[in-house]
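**Q** Encoded as structure tokens, here's the structure I'll be asking about.
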Amino acid sequence: MRAQHSSKYIPQQPLDGEAHLSSRACIDSLPTKVCQDLLFVYPGKPENAARVSAPIIEPLETEPEGWVMLNTFRDLPYDALTLLENVLDVSHIPYTHHKTVSKRENAAPMQMDVVASDKQGFQGIWPEGPRKGKLGTQHTTFAAPSLMYHDLTSKQFGRTLTVVYVTPIRKGECRVIARFPFKFSSKLPSFFIRLTPRWYSHINNNRVLEDDQIFLHIQERLIEKGGDVSYARTCYLPTQADRYVIDFRRWVSKFTADPFPGQSLPPQWSTEALMERYHSHTKHCSSCASALQRIQQIRKAALVLSIILWSLLPLIIVASEPISLTMSAVLVGIPIAAGVLWLWLGDLEQKFYQGADTPPRNLPD
């Protein structure tokens with residue numbers, strides 16, 4: 001779309017009516033472009049859109065064949081800038097995401113370097129890479145203002161990307177679109193990934209996001225209480241492990257990149273609201289919404305079946321006398337199994353609505 005205003009027709013007006021030509025019947029339209037299955041919108045002057053490239057994942061353009069892609073999204077209760085800083089900060093992963101995607105014993109000194117930096121973002125390199133050098137060198141790209149990805153190639157697994165797109169919603173809220181392209185050295189992992197239901201992957205993705213959901217939400221408010229003080233003075237960033245965070249905050253300051261300048265954060269949310277999944281993801285996801293509906297239907301059927309079988313059990317036993325031990329076990333086992341299925345599906349159903357208050361890192365070993 002290139003026009004500043006767009007109008008077509010008003011269904012209720014006569015065919016020869018002209019009410020749709022009024023400026024009051026028109027809305028502003030913005031230039032759009034679809035790249036790598038994502039819709040990008042240019043919010044500036046339409047005439048400048050052609051001169052601005054969409055922020056794409058470059059490795060997928062230069063080597064388009066052989067990728068397996070996992071995607072997810074969620075509305076998050078903290079600023080877009082907070083999310084970008086968090087995903088750029090790879091040093092937090094062994095601690096915050098212990099027992100989900102990493103382990104505390106993987107923590108080690110990190111030598112990060114920014115090899116290029118300008119208004120369009122920066123590129124960094126971590127020569128040693130994750131897990132104390134066991135996986136190989138990791139490259140990081142921040143494509144301003146909304147894209148970040150880590151690029152890692154290892155002999156064990158092949159090439160993996162961790163890609164995060166961030167869209168501001170309002171002060172203190174943003175939407176993440178996370179993409180995980182894989183190009184495995186073996187065909188077996190790709191086979192199992194394709195077999196895994198998308199909704200099941202999303203449940204696990206939500207669990208990882210919730211590892212730092214509460215403290216990032218609170219962190220923003222603690223920093224805001226510090227007043228108009230530079231980020232470097234507010235936060236202590238003494239090591240090379242903080243190199244990407246420092247460069248990102250410099251970019252934010254130099255190019256006044258706060259999407260909601262001068263606005264204050266809303267009051268702190270309750271823990272229940274911070275861990276909510278249904279409105280922030282499930283109801284907007286076709287895979288998760290469909291899976292939730294099927295689970296609820298199967299759960300109701302299991303409950304009805306269990307009740308019917310328990311109520312008919314005495315009659316069946318009396319009608320079947322004498323009854324063998326095997327038959328007795330079957331007659332008793334079926335309603336019990338239906339009841340267990342009902343309970344298990346109930347636990348699974350809750351995962352579409354709410355995350356756990358306590359992250360896995362804080363659970364007993």
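For the structure tokens, the naming scheme is as follows: chains receive sequential letters (A, B, ...) according to their order of presentation, residues are indexed from 1 within each chain, and ligands are indexed from 1 in presentation order.
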Write out as a PyMOL selection string each polymer residue whose atoms come within 12 Å of Thr82 in chain A, counting only C-alpha atoms; drop sequence neighbours fewer than 5 positions from it.
**A** chain A and resi 76-77+87-89+146+166-168+171-176+212-213+215-221+223+231+245+248-249+252+258-259
**Q** Within 12 Å of Val52 in chain A, counting only C-alpha atoms, which residues show up once you throw out same-chain ones fewer than 5 positions away? Write them as number ranges by chain, please.
**A** A: 31-33, 40-47, 120, 144
**Q** Could those residues be written to a file, using N, CA, C and O atoms, as a PDB file, in the first residue's frame?
**A**
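That gives us result-v7.pdb:
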```pdb
ATOM      1  N   PRO A  31       2.594   1.905   4.326  1.00  0.00           N
ATOM      2  CA  PRO A  31       3.280   0.967   3.433  1.00  0.00           C
ATOM      3  C   PRO A  31       3.563  -0.355   4.148  1.00  0.00           C
ATOM      4  O   PRO A  31       3.954  -0.374   5.313  1.00  0.00           O
ATOM      5  N   THR A  32       3.348  -1.449   3.447  1.00  0.00           N
ATOM      6  CA  THR A  32       3.577  -2.766   4.030  1.00  0.00           C
ATOM      7  C   THR A  32       4.394  -3.633   3.080  1.00  0.00           C
ATOM      8  O   THR A  32       4.469  -3.371   1.881  1.00  0.00           O
ATOM      9  N   LYS A  33       4.984  -4.675   3.664  1.00  0.00           N
ATOM     10  CA  LYS A  33       5.760  -5.614   2.867  1.00  0.00           C
ATOM     11  C   LYS A  33       5.812  -6.950   3.594  1.00  0.00           C
ATOM     12  O   LYS A  33       5.952  -6.985   4.820  1.00  0.00           O
ATOM     13  N   PHE A  40       5.576  -6.631   7.536  1.00  0.00           N
ATOM     14  CA  PHE A  40       6.258  -5.459   8.070  1.00  0.00           C
ATOM     15  C   PHE A  40       5.489  -4.200   7.653  1.00  0.00           C
ATOM     16  O   PHE A  40       5.037  -4.083   6.521  1.00  0.00           O
ATOM     17  N   VAL A  41       5.369  -3.268   8.580  1.00  0.00           N
ATOM     18  CA  VAL A  41       4.671  -2.005   8.341  1.00  0.00           C
ATOM     19  C   VAL A  41       5.649  -0.864   8.556  1.00  0.00           C
ATOM     20  O   VAL A  41       6.365  -0.817   9.568  1.00  0.00           O
ATOM     21  N   TYR A  42       5.699   0.059   7.588  1.00  0.00           N
ATOM     22  CA  TYR A  42       6.577   1.228   7.712  1.00  0.00           C
ATOM     23  C   TYR A  42       5.756   2.390   8.269  1.00  0.00           C
ATOM     24  O   TYR A  42       4.824   2.871   7.615  1.00  0.00           O
ATOM     25  N   PRO A  43       6.057   2.872   9.489  1.00  0.00           N
ATOM     26  CA  PRO A  43       5.212   3.874  10.134  1.00  0.00           C
ATOM     27  C   PRO A  43       5.565   5.323   9.783  1.00  0.00           C
ATOM     28  O   PRO A  43       4.892   6.247  10.241  1.00  0.00           O
ATOM     29  N   GLY A  44       6.611   5.522   8.967  1.00  0.00           N
ATOM     30  CA  GLY A  44       7.025   6.874   8.621  1.00  0.00           C
ATOM     31  C   GLY A  44       6.304   7.417   7.398  1.00  0.00           C
ATOM     32  O   GLY A  44       5.224   6.943   7.019  1.00  0.00           O
ATOM     33  N   LYS A  45       6.914   8.397   6.755  1.00  0.00           N
ATOM     34  CA  LYS A  45       6.326   8.970   5.552  1.00  0.00           C
ATOM     35  C   LYS A  45       6.326   7.924   4.437  1.00  0.00           C
ATOM     36  O   LYS A  45       7.364   7.313   4.152  1.00  0.00           O
ATOM     37  N   PRO A  46       5.177   7.720   3.780  1.00  0.00           N
ATOM     38  CA  PRO A  46       5.077   6.661   2.760  1.00  0.00           C
ATOM     39  C   PRO A  46       6.116   6.779   1.661  1.00  0.00           C
ATOM     40  O   PRO A  46       6.611   5.767   1.166  1.00  0.00           O
ATOM     41  N   GLU A  47       6.490   7.997   1.295  1.00  0.00           N
ATOM     42  CA  GLU A  47       7.442   8.171   0.191  1.00  0.00           C
ATOM     43  C   GLU A  47       8.845   7.691   0.557  1.00  0.00           C
ATOM     44  O   GLU A  47       9.694   7.474  -0.313  1.00  0.00           O
ATOM     45  N   GLN A 120      22.108   1.746  12.431  1.00  0.00           N
ATOM     46  CA  GLN A 120      21.310   0.581  12.028  1.00  0.00           C
ATOM     47  C   GLN A 120      21.442  -0.595  12.994  1.00  0.00           C
ATOM     48  O   GLN A 120      20.808  -1.631  12.791  1.00  0.00           O
ATOM     49  N   ALA A 144      18.498  -2.632  14.191  1.00  0.00           N
ATOM     50  CA  ALA A 144      17.600  -1.648  14.798  1.00  0.00           C
ATOM     51  C   ALA A 144      16.362  -1.444  13.932  1.00  0.00           C
ATOM     52  O   ALA A 144      16.439  -1.500  12.704  1.00  0.00           O
TER      53      ALA A 144
END
```
**Q** Taking only C-alpha atoms into account, name the residue in A:Arg74, A:Met110, A:Asp247, A:Asp211 that is nearest to Leu363 in chain A.
**A** A:Asp211
**Q** CA of Ser190 in chain A to CA of Asn205 in chain A: how many Å, to one decimal?
**A**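 Distance reported for this atom pair: 17.8 Å.
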**Q** With only C-alpha atoms as the atoms that count, which of A:Thr62, A:Ser287, A:Ala116, A:Gln138 lies nearest to Thr196 in chain A?
**A**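 Selected residue with least distance to Thr196 in chain A: A:Ser287.
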**Q** Neighbouring residues of Val101 in chain A were defined as those with any atom within 9 Å, considering only C-alpha atoms; residues of the same chain fewer than 6 positions away were excluded. Please report them as a list of chain:residue names.
**A** A:Ile93, A:Pro94, A:Val208
**Q** Write out, as a PDB file, in the first residue's frame, the residues just selected, with all heavy atoms.
**A**
```
ATOM      1  N   ILE A  93      21.729 -16.396  30.750  1.00  0.00           N
ATOM      2  CA  ILE A  93      21.046 -17.646  30.408  1.00  0.00           C
ATOM      3  C   ILE A  93      21.356 -18.789  31.378  1.00  0.00           C
ATOM      4  O   ILE A  93      20.436 -19.479  31.839  1.00  0.00           O
ATOM      5  CB  ILE A  93      21.360 -18.043  28.943  1.00  0.00           C
ATOM      6  CG1 ILE A  93      20.697 -17.032  27.993  1.00  0.00           C
ATOM      7  CG2 ILE A  93      20.866 -19.457  28.641  1.00  0.00           C
ATOM      8  CD1 ILE A  93      21.021 -17.235  26.532  1.00  0.00           C
ATOM      9  N   PRO A  94      22.623 -19.056  31.758  1.00  0.00           N
ATOM     10  CA  PRO A  94      22.872 -20.181  32.676  1.00  0.00           C
ATOM     11  C   PRO A  94      22.198 -20.019  34.031  1.00  0.00           C
ATOM     12  O   PRO A  94      21.895 -21.020  34.686  1.00  0.00           O
ATOM     13  CB  PRO A  94      24.400 -20.184  32.824  1.00  0.00           C
ATOM     14  CG  PRO A  94      24.906 -19.465  31.621  1.00  0.00           C
ATOM     15  CD  PRO A  94      23.882 -18.428  31.309  1.00  0.00           C
ATOM     16  N   VAL A 208       9.844 -20.968  29.126  1.00  0.00           N
ATOM     17  CA  VAL A 208      11.145 -20.293  29.096  1.00  0.00           C
ATOM     18  C   VAL A 208      10.967 -18.784  29.251  1.00  0.00           C
ATOM     19  O   VAL A 208      11.700 -18.129  30.001  1.00  0.00           O
ATOM     20  CB  VAL A 208      11.884 -20.619  27.779  1.00  0.00           C
ATOM     21  CG1 VAL A 208      13.185 -19.813  27.684  1.00  0.00           C
ATOM     22  CG2 VAL A 208      12.189 -22.109  27.691  1.00  0.00           C
TER      23      VAL A 208
END
```
